[in-house]
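Coordinates as given in query17.pdb (PDB, C-alpha atoms):
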```
ATOM      1  CA  MET U   1      37.242 291.328 167.205
ATOM      2  CA  ASP U   2      36.356 287.766 168.134
ATOM      3  CA  LEU U   3      32.903 287.620 166.571
ATOM      4  CA  LEU U   4      32.263 283.997 167.419
ATOM      5  CA  ALA U   5      33.067 284.534 171.087
ATOM      6  CA  ALA U   6      30.801 287.590 171.131
ATOM      7  CA  LEU U   7      27.913 285.691 169.543
ATOM      8  CA  ARG U   8      28.288 282.891 172.069
ATOM      9  CA  ALA U   9      28.479 285.303 174.978
ATOM     10  CA  HIS U  10      25.702 287.741 174.081
ATOM     11  CA  ARG U  11      23.422 285.524 171.953
ATOM     12  CA  LEU U  12      21.664 288.537 170.418
ATOM     13  CA  LEU U  13      22.580 290.585 167.332
ATOM     14  CA  ALA U  14      20.498 293.698 166.733
ATOM     15  CA  ILE U  15      19.936 294.720 163.116
ATOM     16  CA  VAL U  16      19.432 298.438 162.570
ATOM     17  CA  ARG U  17      18.033 299.638 159.263
ATOM     18  CA  GLY U  18      16.453 303.075 159.082
ATOM     19  CA  SER U  19      15.381 305.925 156.845
ATOM     20  CA  ASP U  20      16.616 308.620 159.267
ATOM     21  CA  PRO U  21      20.398 308.558 159.865
ATOM     22  CA  ASP U  22      20.198 310.534 163.086
ATOM     23  CA  ALA U  23      17.489 308.249 164.447
ATOM     24  CA  ALA U  24      19.464 305.190 163.340
ATOM     25  CA  LEU U  25      22.512 306.436 165.240
ATOM     26  CA  THR U  26      20.428 307.108 168.344
ATOM     27  CA  THR U  27      18.938 303.630 167.999
ATOM     28  CA  VAL U  28      22.387 302.026 167.958
ATOM     29  CA  LEU U  29      23.478 303.953 171.041
ATOM     30  CA  THR U  30      20.235 303.200 172.884
ATOM     31  CA  LEU U  31      20.512 299.482 172.177
ATOM     32  CA  VAL U  32      24.037 299.405 173.565
ATOM     33  CA  GLU U  33      22.882 301.317 176.653
ATOM     34  CA  GLU U  34      20.249 298.623 177.209
ATOM     35  CA  GLY U  35      22.779 295.801 177.084
ATOM     36  CA  VAL U  36      22.516 294.783 173.423
ATOM     37  CA  SER U  37      26.240 294.667 172.823
ATOM     38  CA  LEU U  38      26.263 293.297 169.256
ATOM     39  CA  VAL U  39      24.798 295.692 166.691
ATOM     40  CA  GLU U  40      24.756 295.528 162.906
ATOM     41  CA  VAL U  41      23.933 298.587 160.802
ATOM     42  CA  SER U  42      22.494 297.449 157.482
ATOM     43  CA  LEU U  43      23.978 299.087 154.409
ATOM     44  CA  SER U  44      20.482 299.145 152.928
ATOM     45  CA  GLY U  45      19.563 301.904 155.371
ATOM     46  CA  ARG U  46      19.963 305.571 154.501
ATOM     47  CA  ASP U  47      23.532 306.886 154.866
ATOM     48  CA  ALA U  48      24.471 303.668 156.649
ATOM     49  CA  LEU U  49      28.238 304.128 156.313
ATOM     50  CA  ASP U  50      27.986 307.530 157.972
ATOM     51  CA  VAL U  51      25.877 306.015 160.745
ATOM     52  CA  ILE U  52      28.561 303.372 161.322
ATOM     53  CA  ALA U  53      31.309 305.990 161.398
ATOM     54  CA  ARG U  54      29.414 308.175 163.874
ATOM     55  CA  ALA U  55      28.505 305.213 166.050
ATOM     56  CA  ARG U  56      32.122 304.071 166.089
ATOM     57  CA  ALA U  57      33.230 307.529 167.191
ATOM     58  CA  ALA U  58      30.637 307.549 169.966
ATOM     59  CA  LEU U  59      31.160 303.983 171.191
ATOM     60  CA  GLY U  60      34.928 303.721 170.905
ATOM     61  CA  PRO U  61      37.238 301.208 169.246
ATOM     62  CA  ASP U  62      36.180 298.144 171.223
ATOM     63  CA  ALA U  63      32.439 298.204 170.512
ATOM     64  CA  ALA U  64      31.024 295.183 168.658
ATOM     65  CA  LEU U  65      29.661 297.246 165.781
ATOM     66  CA  GLY U  66      29.267 295.729 162.336
ATOM     67  CA  ALA U  67      27.920 296.338 158.854
ATOM     68  CA  GLY U  68      25.131 294.255 157.371
ATOM     69  CA  THR U  69      23.720 293.537 153.913
ATOM     70  CA  VAL U  70      27.261 293.445 152.549
ATOM     71  CA  LEU U  71      27.090 292.063 149.025
ATOM     72  CA  THR U  72      30.150 293.315 147.158
ATOM     73  CA  SER U  73      33.860 293.671 147.706
ATOM     74  CA  ASP U  74      33.537 297.451 147.470
ATOM     75  CA  GLU U  75      30.913 297.431 150.197
ATOM     76  CA  ALA U  76      33.150 295.320 152.417
ATOM     77  CA  ARG U  77      36.012 297.775 152.002
ATOM     78  CA  ALA U  78      33.787 300.789 152.595
ATOM     79  CA  ALA U  79      32.341 299.200 155.725
ATOM     80  CA  GLN U  80      35.804 298.569 157.154
ATOM     81  CA  LYS U  81      36.825 302.151 156.388
ATOM     82  CA  ALA U  82      33.723 303.429 158.179
ATOM     83  CA  GLY U  83      34.634 301.471 161.299
ATOM     84  CA  ALA U  84      32.812 298.155 161.062
ATOM     85  CA  ALA U  85      34.445 295.449 163.170
ATOM     86  CA  PHE U  86      32.588 292.625 161.442
ATOM     87  CA  LEU U  87      30.489 292.040 158.337
ATOM     88  CA  VAL U  88      27.147 290.330 157.782
ATOM     89  CA  THR U  89      25.986 289.165 154.362
ATOM     90  CA  PRO U  90      22.481 288.117 153.282
ATOM     91  CA  ALA U  91      23.875 285.398 151.010
ATOM     92  CA  VAL U  92      27.084 283.754 149.819
ATOM     93  CA  SER U  93      28.520 286.885 148.237
ATOM     94  CA  ASP U  94      31.811 288.507 147.261
ATOM     95  CA  GLY U  95      31.682 290.371 150.544
ATOM     96  CA  ILE U  96      32.658 287.206 152.432
ATOM     97  CA  ALA U  97      36.051 286.620 150.826
ATOM     98  CA  THR U  98      36.918 290.312 150.756
ATOM     99  CA  GLY U  99      35.937 290.811 154.376
ATOM    100  CA  LEU U 100      38.116 287.925 155.463
ATOM    101  CA  GLU U 101      40.996 289.248 153.361
ATOM    102  CA  LEU U 102      40.620 292.551 155.208
ATOM    103  CA  GLY U 103      40.838 290.739 158.529
ATOM    104  CA  LEU U 104      37.174 291.165 159.422
ATOM    105  CA  PRO U 105      35.105 288.250 160.752
ATOM    106  CA  VAL U 106      32.064 287.492 158.618
ATOM    107  CA  LEU U 107      28.609 286.223 159.519
ATOM    108  CA  ALA U 108      27.682 284.732 156.153
ATOM    109  CA  GLY U 109      24.114 284.453 154.918
ATOM    110  CA  VAL U 110      22.992 280.896 154.128
ATOM    111  CA  MET U 111      19.750 278.996 153.719
ATOM    112  CA  THR U 112      20.475 275.622 152.112
ATOM    113  CA  PRO U 113      23.067 272.950 152.893
ATOM    114  CA  THR U 114      24.826 273.928 149.672
ATOM    115  CA  ASP U 115      25.044 277.527 150.892
ATOM    116  CA  VAL U 116      26.494 276.357 154.198
ATOM    117  CA  LEU U 117      29.154 274.289 152.468
ATOM    118  CA  GLN U 118      30.114 277.148 150.153
ATOM    119  CA  ALA U 119      30.345 279.651 152.998
ATOM    120  CA  GLN U 120      32.330 277.177 155.090
ATOM    121  CA  ARG U 121      34.820 276.698 152.265
ATOM    122  CA  LEU U 122      35.249 280.466 152.035
ATOM    123  CA  GLY U 123      36.117 280.569 155.730
ATOM    124  CA  ALA U 124      33.011 282.229 157.158
ATOM    125  CA  THR U 125      33.184 282.855 160.890
ATOM    126  CA  ALA U 126      29.530 281.984 161.520
ATOM    127  CA  PHE U 127      26.397 281.305 159.488
ATOM    128  CA  LYS U 128      23.362 283.563 159.265
ATOM    129  CA  LEU U 129      20.356 281.330 158.574
ATOM    130  CA  PHE U 130      18.191 283.630 156.460
ATOM    131  CA  PRO U 131      15.283 283.942 156.058
ATOM    132  CA  ALA U 132      14.913 281.610 159.015
ATOM    133  CA  GLY U 133      11.168 281.920 159.494
ATOM    134  CA  SER U 134      10.364 281.283 155.850
ATOM    135  CA  ALA U 135      12.857 278.412 155.705
ATOM    136  CA  GLY U 136      10.989 276.469 158.391
ATOM    137  CA  GLY U 137      11.828 277.988 161.756
ATOM    138  CA  PRO U 138      13.468 276.098 164.639
ATOM    139  CA  GLY U 139      12.623 272.756 163.026
ATOM    140  CA  TYR U 140      14.633 273.636 159.952
ATOM    141  CA  LEU U 141      17.542 274.738 162.130
ATOM    142  CA  ARG U 142      17.500 271.371 163.873
ATOM    143  CA  ASP U 143      17.474 269.594 160.511
ATOM    144  CA  LEU U 144      20.348 271.702 159.220
ATOM    145  CA  ARG U 145      22.429 271.016 162.313
ATOM    146  CA  GLY U 146      22.209 267.308 161.516
ATOM    147  CA  PRO U 147      24.852 267.365 158.766
ATOM    148  CA  PHE U 148      26.566 270.435 160.284
ATOM    149  CA  PRO U 149      26.490 269.785 164.041
ATOM    150  CA  GLY U 150      29.478 271.877 164.998
ATOM    151  CA  LEU U 151      28.756 275.042 163.035
ATOM    152  CA  PRO U 152      27.568 278.273 164.682
ATOM    153  CA  PHE U 153      24.182 279.263 163.240
ATOM    154  CA  VAL U 154      22.465 282.616 163.791
ATOM    155  CA  PRO U 155      18.819 282.579 162.625
ATOM    156  CA  VAL U 156      17.584 285.881 161.192
ATOM    157  CA  GLY U 157      14.193 286.801 159.763
ATOM    158  CA  GLY U 158      10.889 286.801 161.632
ATOM    159  CA  VAL U 159      12.568 286.315 165.019
ATOM    160  CA  ASP U 160      10.329 287.662 167.779
ATOM    161  CA  ALA U 161      10.990 287.058 171.476
ATOM    162  CA  GLN U 162       9.299 283.646 171.540
ATOM    163  CA  ALA U 163      11.037 282.530 168.356
ATOM    164  CA  ALA U 164      14.353 283.695 169.825
ATOM    165  CA  ALA U 165      13.857 281.375 172.788
ATOM    166  CA  ASP U 166      12.853 278.517 170.466
ATOM    167  CA  TYR U 167      15.883 278.964 168.198
ATOM    168  CA  LEU U 168      18.296 279.166 171.113
ATOM    169  CA  GLY U 169      16.703 276.076 172.603
ATOM    170  CA  SER U 170      17.188 274.327 169.265
ATOM    171  CA  GLY U 171      20.913 274.955 169.191
ATOM    172  CA  ALA U 172      21.352 278.391 167.657
ATOM    173  CA  THR U 173      24.517 280.132 168.783
ATOM    174  CA  ALA U 174      22.705 283.476 168.731
ATOM    175  CA  VAL U 175      19.746 285.135 167.037
ATOM    176  CA  GLY U 176      19.669 288.185 164.788
ATOM    177  CA  VAL U 177      16.701 290.484 165.248
ATOM    178  CA  GLY U 178      15.597 293.446 163.188
ATOM    179  CA  SER U 179      12.097 294.911 163.259
ATOM    180  CA  PRO U 180      10.728 292.854 166.199
ATOM    181  CA  LEU U 181      13.418 294.548 168.303
ATOM    182  CA  VAL U 182      14.142 297.853 166.559
ATOM    183  CA  GLY U 183      10.598 298.609 165.400
ATOM    184  CA  ASP U 184      10.410 302.069 163.847
ATOM    185  CA  ALA U 185      13.011 303.619 166.146
ATOM    186  CA  ALA U 186      15.631 303.899 163.385
ATOM    187  CA  SER U 187      13.164 305.965 161.364
ATOM    188  CA  GLY U 188      12.238 308.300 164.213
ATOM    189  CA  GLY U 189       9.953 306.111 166.344
ATOM    190  CA  SER U 190       9.690 305.857 170.105
ATOM    191  CA  LEU U 191      12.899 305.277 172.030
ATOM    192  CA  THR U 192      10.897 304.368 175.118
ATOM    193  CA  ALA U 193       9.301 301.490 173.237
ATOM    194  CA  LEU U 194      12.721 300.519 171.874
ATOM    195  CA  ARG U 195      14.131 300.310 175.397
ATOM    196  CA  GLN U 196      11.240 298.110 176.484
ATOM    197  CA  ARG U 197      11.711 295.727 173.568
ATOM    198  CA  ALA U 198      15.468 295.631 174.125
ATOM    199  CA  ARG U 199      15.014 294.686 177.777
ATOM    200  CA  ALA U 200      12.576 291.947 176.825
ATOM    201  CA  PHE U 201      14.965 290.412 174.282
ATOM    202  CA  VAL U 202      17.964 290.678 176.607
ATOM    203  CA  ASP U 203      15.960 288.881 179.262
ATOM    204  CA  VAL U 204      15.100 286.079 176.817
ATOM    205  CA  VAL U 205      18.655 285.436 175.706
ATOM    206  CA  ARG U 206      19.977 285.569 179.249
ATOM    207  CA  THR U 207      17.435 283.148 180.669
ATOM    208  CA  GLU U 208      17.083 280.639 177.828
ATOM    209  CA  VAL U 209      18.867 277.440 178.829
ATOM    210  CA  ARG U 210      21.661 276.449 176.473
ATOM    211  CA  PRO U 211      21.116 273.010 174.868
TER
END
```
Is it possible to give me this structure as structure tokens?
Amino acid sequence: MDLLAALRAHRLLAIVRGSDPDAALTTVLTLVEEGVSLVEVSLSGRDALDVIARARAALGPDAALGAGTVLTSDEARAAQKAGAAFLVTPAVSDGIATGLELGLPVLAGVMTPTDVLQAQRLGATAFKLFPAGSAGGPGYLRDLRGPFPGLPFVPVGGVDAQAAADYLGSGATAVGVGSPLVGDAASGGSLTALRQRARAFVDVVRTEVRP
């Protein structure tokens, strides 16, 4: 898939991490129903590879479904086998090079300029600024875009609806959102509340003016 085009078009990546595989699967499907087209299933969740495989079967071959928290080469290979169309790492890890070798686009985790340069040299498709909130928020993103003005950044970590608007207004290509969007749905929580949060985030990313 063309991950960069999808990030630019949809501007929102949902991050699903849950303790209940069935609930995590239902969460993925519900998010897609509500217009959240880009979804990452974190490998740190329970039976995450099985969740990815079941979601792929339900959504079909063209769905923008990825695997997150990919640290090792083995995890990258397992994620591809399960049906992930893209990979997301929390740091500059072995998963980046292996994912690219497998033909999968990679959203590489970075925080410092050194991280960005290393991930860029590896060929990362886009750059996950993590943990964005702790790093300094939209102001830090603006600073980081100074030496790297043309790179696609996706802030992740502490991104609520207001922060999403602020990051997008500061030049983020997209935002990645976990608990402020998913809540406890992937562990058996309310799907009604999940739908409400999803609609709120979709509205933000659709209405925020691009810089």
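Closest approach to U:Val28 from the set U:Leu181, U:Ala200, U:Leu3, U:Ala163 is made by U:Leu181, with distances taken over all atoms listed in the file.
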When the PyMOL selection byres ((chain U and resi 138-144) around 10) is applied to the structure above, which residues does it catch, written out as a PyMOL selection string? chain U and resi 111-113+116+129+132-137+145-149+151+153-155+163-172
Target residues per the PyMOL selection byres ((chain U and resi 33-43) around 6), formatted as a list of chain:residue names: U:Leu13, U:Ala14, U:Ile15, U:Val16, U:Arg17, U:Thr30, U:Leu31, U:Val32, U:Ser44, U:Gly45, U:Ala48, U:Ala64, U:Leu65, U:Gly66, U:Ala67, U:Gly68, U:Thr69
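One distance worth recording is that between atom CA of U:Ala6 and atom CA of U:Gly83, which is 17.4 Å.
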Expanded to explicit residues, what is the PyMOL selection byres ((chain U and resi 98-108) around 7) for this file, as number ranges by chain? U: 3, 73, 76, 85-92, 94-97, 109-110, 119, 124-128
Measuring between only C-alpha atoms, which one of U:Asp22, U:Asp203, U:Asp184, U:Asp160 shows the shortest distance to U:Asp50? U:Asp22
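Of note, atom CA of U:Val175 and atom CA of U:Val202 are spaced 11.2 Å apart.
Interatomic distance, atom CA of U:Ile52 against atom CA of U:Asp74: 15.9 Å.
Take the candidates U:Ala84, U:Leu7, U:Val51, U:Leu117 and check each one against U:Leu25 using all atoms listed in the file; the shortest distance goes to U:Val51.
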Protein/DNA/RNA residues near (15.8, 287.5, 160.9), cut 7 Å, only C-alpha atoms, as an MDAnalysis selection string: chainID U and resid 130:132 155:159 176:178
Residues at most 8 Å from U:Ala185, counting only C-alpha atoms, excluding those fewer than 4 positions away in the same chain, as an MDAnalysis selection string? chainID U and resid 18 23:24 27 189:191 194
Give, as AutoDock Vina command-line options, the centre coordinates and the x, y and z edge lengths in Å to one decimal for an axis-aligned box around all listed atoms of stretch 165-175 of chain U, padded by 6 Å on each side.
```
--center_x 18.7 --center_y 279.7 --center_z 169.9 --size_x 23.7 --size_y 22.8 --size_z 17.8
```
Generate the missing atoms of stretch 177-188 of chain U up to all heavy atoms and report them as a tab-separated table (two decimals), in the frame of the given file.
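rebuild-v7.tsv written:
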```
chain	number	residue	atom	x	y	z
U	177	VAL	N	18.05	289.93	165.18
U	177	VAL	CA	16.70	290.48	165.25
U	177	VAL	C	16.67	291.91	164.71
U	177	VAL	O	17.44	292.77	165.15
U	177	VAL	CB	16.16	290.47	166.69
U	177	VAL	CG1	14.69	290.88	166.70
U	177	VAL	CG2	16.35	289.11	167.34
U	178	GLY	N	15.78	292.12	163.75
U	178	GLY	CA	15.60	293.45	163.19
U	178	GLY	C	14.35	294.11	163.72
U	178	GLY	O	14.30	294.57	164.86
U	179	SER	N	13.29	294.14	162.90
U	179	SER	CA	12.10	294.91	163.26
U	179	SER	C	11.41	294.48	164.55
U	179	SER	O	10.87	295.34	165.26
U	179	SER	CB	11.09	294.91	162.10
U	179	SER	OG	10.74	293.60	161.74
U	180	PRO	N	11.37	293.18	164.92
U	180	PRO	CA	10.73	292.85	166.20
U	180	PRO	C	11.42	293.51	167.40
U	180	PRO	O	10.79	293.69	168.45
U	180	PRO	CB	10.84	291.33	166.27
U	180	PRO	CG	10.88	290.89	164.84
U	180	PRO	CD	11.71	291.95	164.17
U	181	LEU	N	12.68	293.86	167.25
U	181	LEU	CA	13.42	294.55	168.30
U	181	LEU	C	13.48	296.06	168.05
U	181	LEU	O	13.12	296.86	168.91
U	181	LEU	CB	14.84	293.98	168.39
U	181	LEU	CG	15.87	294.75	169.22
U	181	LEU	CD1	15.40	294.91	170.67
U	181	LEU	CD2	17.23	294.06	169.17
U	182	VAL	N	13.90	296.45	166.86
U	182	VAL	CA	14.14	297.85	166.56
U	182	VAL	C	12.85	298.61	166.30
U	182	VAL	O	12.72	299.79	166.63
U	182	VAL	CB	15.10	297.97	165.36
U	182	VAL	CG1	15.26	299.43	164.93
U	182	VAL	CG2	16.45	297.36	165.70
U	183	GLY	N	11.85	297.93	165.72
U	183	GLY	CA	10.60	298.61	165.40
U	183	GLY	C	10.84	299.75	164.43
U	183	GLY	O	11.61	299.62	163.48
U	184	ASP	N	10.24	300.90	164.71
U	184	ASP	CA	10.41	302.07	163.85
U	184	ASP	C	11.37	303.09	164.45
U	184	ASP	O	11.46	304.23	163.99
U	184	ASP	CB	9.06	302.73	163.56
U	184	ASP	CG	8.36	303.25	164.81
U	184	ASP	OD1	8.86	303.00	165.94
U	184	ASP	OD2	7.30	303.90	164.68
U	185	ALA	N	12.13	302.68	165.46
U	185	ALA	CA	13.01	303.62	166.15
U	185	ALA	C	14.06	304.22	165.21
U	185	ALA	O	14.39	305.41	165.32
U	185	ALA	CB	13.70	302.93	167.32
U	186	ALA	N	14.58	303.41	164.28
U	186	ALA	CA	15.63	303.90	163.38
U	186	ALA	C	15.10	304.82	162.30
U	186	ALA	O	15.87	305.36	161.50
U	186	ALA	CB	16.36	302.72	162.75
U	187	SER	N	13.78	305.01	162.29
U	187	SER	CA	13.16	305.96	161.36
U	187	SER	C	12.45	307.08	162.13
U	187	SER	O	11.60	307.78	161.58
U	187	SER	CB	12.17	305.25	160.43
U	187	SER	OG	12.85	304.28	159.64
U	188	GLY	N	12.79	307.21	163.41
U	188	GLY	CA	12.24	308.30	164.21
U	188	GLY	C	11.19	307.89	165.22
U	188	GLY	O	10.56	308.75	165.84
```
